[in-house]
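Encoded as C-alpha cells, the structure appears first; notes follow it.
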Amino acid sequence: MGAVTVQLPDGATREFEEGTTASQFAESIGPRLAKAAVAATFDGAEVDLDTPLRDGAQVSVITADSEAGRAVLRHSTAHVLAQAVLRLWPGAHFAIGPVIEDGFYYDFELPGGVHFSDDDLERIDAAMREIMAEDQPFVRHEHSIEEGLSIFGDQPFKREIIEAVEAGHEEVDAAAEGAGAAQVSTYWNSPTFTDLCRGPHVPSTSHLGHFALMRVAGAYWRGDEKRQQLQRIYGTAWESEKALAVHLDRLAEAERRDHRRLGAELDLFSFPEEIGSGLPVFHPKGGTVRRLMEDYSRQRHEAAGYEFVYTPHITKAELFETSGHLDWFAEGMFPPMELDGGQEYYLKPMNCPFHILIFKSHQRSYRELPMRLFEFGSVYRYEKSGVVHGLTRVRGMTQDDAHIFCTRDQMAHELHSTLTFVLSLLRDFGLDDFFLELSTRPEEKAVGSVEDWDEATEALRTAATAMDLELVIDEGGGAFYGPKISVQARDAIGRTHQMSTMQLDFQEPQRFGMEYIGADNGRHQPVMIHRALFGSVERFFAILLEHYAGAMPTWLSPEQVRVLAVKDEHAAYAHKVADRLRAVGARVSVDPADEHLKARIRKAKVMKIPYILVVGDDDVHAGTVGVNRRGSNQPERGVELMTFTDTLEDEIAGRRIPESPS
RNA sequence: GCCUGGGUAGCUCAGUCGGUAGAGCAACGCACUCGUAAUGCGUAGGUCAGGAGUUCGAUUCUCCUCCCAGGCUCCA
C-alpha cells in the first residue's frame, strides 16, 4: 500500500494510506467534523466524500452549515424530489434541478400533460421522506456522451442538455447539470433512478430531511417564453430543523411586513377593482404620508438647484417617434387613442421628451447650464397582466423625475453631486445601507455609437467609484439610450431594493436636435442626465412601509399623537393638550372615553401611532400627560406637557429615524 | 402573456355531494366612566367577483371576462 500526502486548510500536511476517502479524512480529524461533512474540496474543486484522497492536494471538508454545504444538501434534496415525482408519476420527464438562494427547484413535464396541484406537494413530500428513510446511496458514474444519451433515452430534456454540450453550446449551464465536453456524470440512487449531475452529493439520502416543499409554478423550458412550459416545484432545505424553522420564520416576517397587507391594515391605500389592475388609490392616511414624502423631496430639490415643471399626461405619437420610445418601448405603452380625425395620442410612459421640449422652447445659452428640471410626473406603462404587484409594479405611477441638461465639461461634476444628493436624501428617509450597480450597454437594444456609450459608462463609473460604496457591474442592463447607475438599498430585514437610477443620455439630445450657444458663440449639444431618486413614489412608499414594518418615523406618520381621556370629565383637558400639540404642527387626534381605556390603547397600538397620551385626574391637576411610546409597553406617567411638546417638536423637525425600525 | 391556486359581510375565513348562507373582528345602538394592548348585550350588513350556459332550481356544475396571490417571461 502506498501513501498519499495532503495539505489541510491550516497549511499542515498529513499522510494517509492510499485509498483513504475524504470521509475517512474528516473522521481522522474529528467525529464532529465527520458528522457534519457533506462533501469535500480537493484543490478547490468539490468532490463527494467517498472520493479517495489525491496525493499533494489541498483538502478541506464541506460541512452542512456552510453556504457550500447547504448547496450540496439542496442539490441532493432536489434529486430526491425528482425521484419522488418519478415514483408517483411514472413516465414523467425531468429537466433541471438547480440550487437557488435559500433552496432549490426542479422542473418536470408530467405524462399526458398533467399538472401538479397544491395537494400534490403533500404526496411528493411524503414520498421524499420515504426515499430518505430508505437511505439510498448517491453513486457517481462517468460516461461517454453516447452512453449518456443512451441512459437518458426516455428523458428528452436530459438528452437535450447533453446534446447542447456536444454541439458546443451553453457549456456553463450544462456543466452544472453534469454534462461536459467529453463526458457526462451521473448519480445513481436506485435501480429506478439516475440523474445527470455534476455533484457533489451527500453520501446517501438519509443525510437529508430538513426540507420543505414551498410551491408549484409554471416555468418555461430554458427560460424561453416561446418554448414549452414545465411544472416547477420550489423547495428549501437546511442543515437542521432549527435552521429550517429560522428560514420559515423569516418568510413569515416578510409576510407580516408586506406593504399590501400593511396598506390595508393601516388604511393607507387600495386597488379598487373598478379602476383596474395596477392602479392604486391613496386614502387620507396614505395620502398624508405621500404628501410628506413629496414635500420633503421638493424642499431638498429646490435647495439643490432644481426648477419645477409640469407636463401633460398624453401627447401626440410624434413625440415618442422622435424620442425613439415607439421603436424601443412600444410594448410597454398603452395603445394609442385616435383623436381629431386620425391623430394618435399616447399616454406617456416617461417624462423626458416633455422636459426636452421645455429646454427647446427657446434658444439656450451655456450660461443657463446646468439646467435641472424636476417634476413629480405621472406615467402610465402597460405592464403585462402577470407582473403587476402591489405598489412596486403598477400601471400608473408618479416618478420624482428630473432631467439635467449640461455641457460635457459639467457632466462629471453633475453626476458626482447628483449621486451625493441621492444618498443624502435616502438617508433622511432612514435607508443607509447601500451599494451601487452600473448597468452597461445592452447588446440587443441600444441606440448610438459604441464610443458614446463607452464615454458615458466611464463617466458613471468615475462618479460611482467616488462614493466609496460597493460597486456591482450589471453587464448589458442599461436602457436603450444610455448606461445607468442604480442605488440599491438593503432594508431592515436584509432585502435589497433598486432605488434611485441615474442615466446618462447622449441620444435624446441628438434625436431632438437640442443645442445651446457656447461661450465660443458656436452651437453645441447638451448632455442629458435622467434621474429619479425614489424611482416611483409608489414603489418608494412600499419599500419604506416594509422597511419600517408600518411604523413610519414620527415625521412621516399620518397620525403622530392620539390623546386618550381616562374619563369623560377629562375630555376638555385632552382637547387642550391636542390643541397645544397642533400648535407646533403635530397631527393629533383625541379619543373620547366611549370605550374602555385598554381597548383604546390597543386600537392606537395596532394603528402604530408613535405616541399615545393618556390623561386623567392627576394630569389635569398637574398639567402633565402619560406618555405611551410606540415600541414600548412601559408608559411614562406625569410628563410635563411642555416637555413632551418640546421633545415631539424636536423629533419631527429633526426628521428623526427610530434606532431600530420594527 | 403563460402555469398553478384563489375571489363568500368592511377585514380574516367557514360552508353549500345543486334547494339563494355562517363565525370572529370591524361598524352602528344601549349599558359600563374605566390610569396603559380587546367590557357586556343588542342591531344591521351579502345579486356568494361579473356575464352566459346546463337545470324545475346555480353561490355550488360548465364556459367566458375581470381581479388577486405565487412563479415563469418581462422590468424602460
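As shown in the C-alpha cells, the chain order sets the letters A, B, ...; within each chain, residues go from 1, and ligands are also counted from 1 in the order they appear.
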Determine, counting only C-alpha atoms (C1' of nucleotides), which protein, DNA and RNA residues have an atom within 12 Å of an atom of B:C28; residues of the same chain fewer than 3 positions away are not included. Present the result as a tab-separated table (two decimals) with C-alpha atoms (C1' of nucleotides), in the first residue's frame.
```
chain	number	residue	atom	x	y	z
B	42	G	C1'	-78.08	44.01	21.01
B	43	U	C1'	-78.71	45.70	15.68
B	44	A	C1'	-77.60	45.98	10.84
B	45	G	C1'	-74.70	44.23	6.99
```
TODO: Once DSSP has gone over the backbone, tell me which residues of stretch 167-335 of chain A are in helix (DSSP H, G or I), as a ChimeraX atom specification.
DONE: /A:171-177,205-207,221-223,241-256,259-265,284-303,317-323,325-328,330-332
TODO: Tell me which protein, DNA and RNA residues are within 12 Å of B:A21, counting only C-alpha atoms (C1' of nucleotides), leaving out same-chain ones fewer than 6 positions away, and put them as a ChimeraX atom specification.
DONE: /B:8-9,14-15,46,48,59-60
Take the residues that were just selected and, keeping C-alpha atoms (C1' of nucleotides), output them as a compact mmCIF listing (two decimals), in the first residue's frame.
```txt
# COMPACT_ATOMS: atom_id res chain seq x y z
C1' U B 8 -68.40 34.13 0.08
C1' A B 9 -70.34 40.69 5.01
C1' A B 14 -66.01 28.51 7.41
C1' G B 15 -69.94 26.36 4.41
C1' G B 46 -74.04 39.55 1.27
C1' C B 48 -71.62 34.21 -2.70
C1' U B 59 -73.11 30.69 -4.57
C1' U B 60 -72.19 25.29 -5.75
```
Open item on the list: List as a PyMOL selection string the protein and nucleic acid residues near stretch 633-643 of chain A, meaning an atom at most 12 Å away when only C-alpha atoms (C1' of nucleotides) are counted, but skip any in the same chain fewer than 3 places from it.
Closed with: (chain A and resi 563+573-574+576-581+584+601-602+605+611-630+646-650) or (chain B and resi 35-37)
Task: Counting only C-alpha atoms (C1' of nucleotides), chain B residues within 7 Å of chain A, as a VMD selection string - done: chain B and resid 1 3 to 4 33 to 38 67 71 to 73 76
When you look at A:Gly477 with a cut-off of 8 Å (counting only C-alpha atoms (C1' of nucleotides)), what residues show up, excluding the ones that are within fewer than 2 positions of it in the same chain? I need them as a compact mmCIF listing (two decimals) with C-alpha atoms, in the first residue's frame.
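Okay, this is what ended up in result04.txt:
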```txt
# COMPACT_ATOMS: atom_id res chain seq x y z
CA SER A 439 -25.60 48.85 -15.94
CA THR A 440 -23.80 48.81 -19.25
CA ARG A 441 -24.79 48.73 -22.91
CA PRO A 442 -27.44 46.15 -23.79
CA ASP A 474 -24.67 44.69 -14.40
CA GLU A 475 -23.43 43.76 -17.84
CA ALA A 479 -31.61 51.38 -21.01
CA PRO A 483 -25.95 53.34 -19.30
```
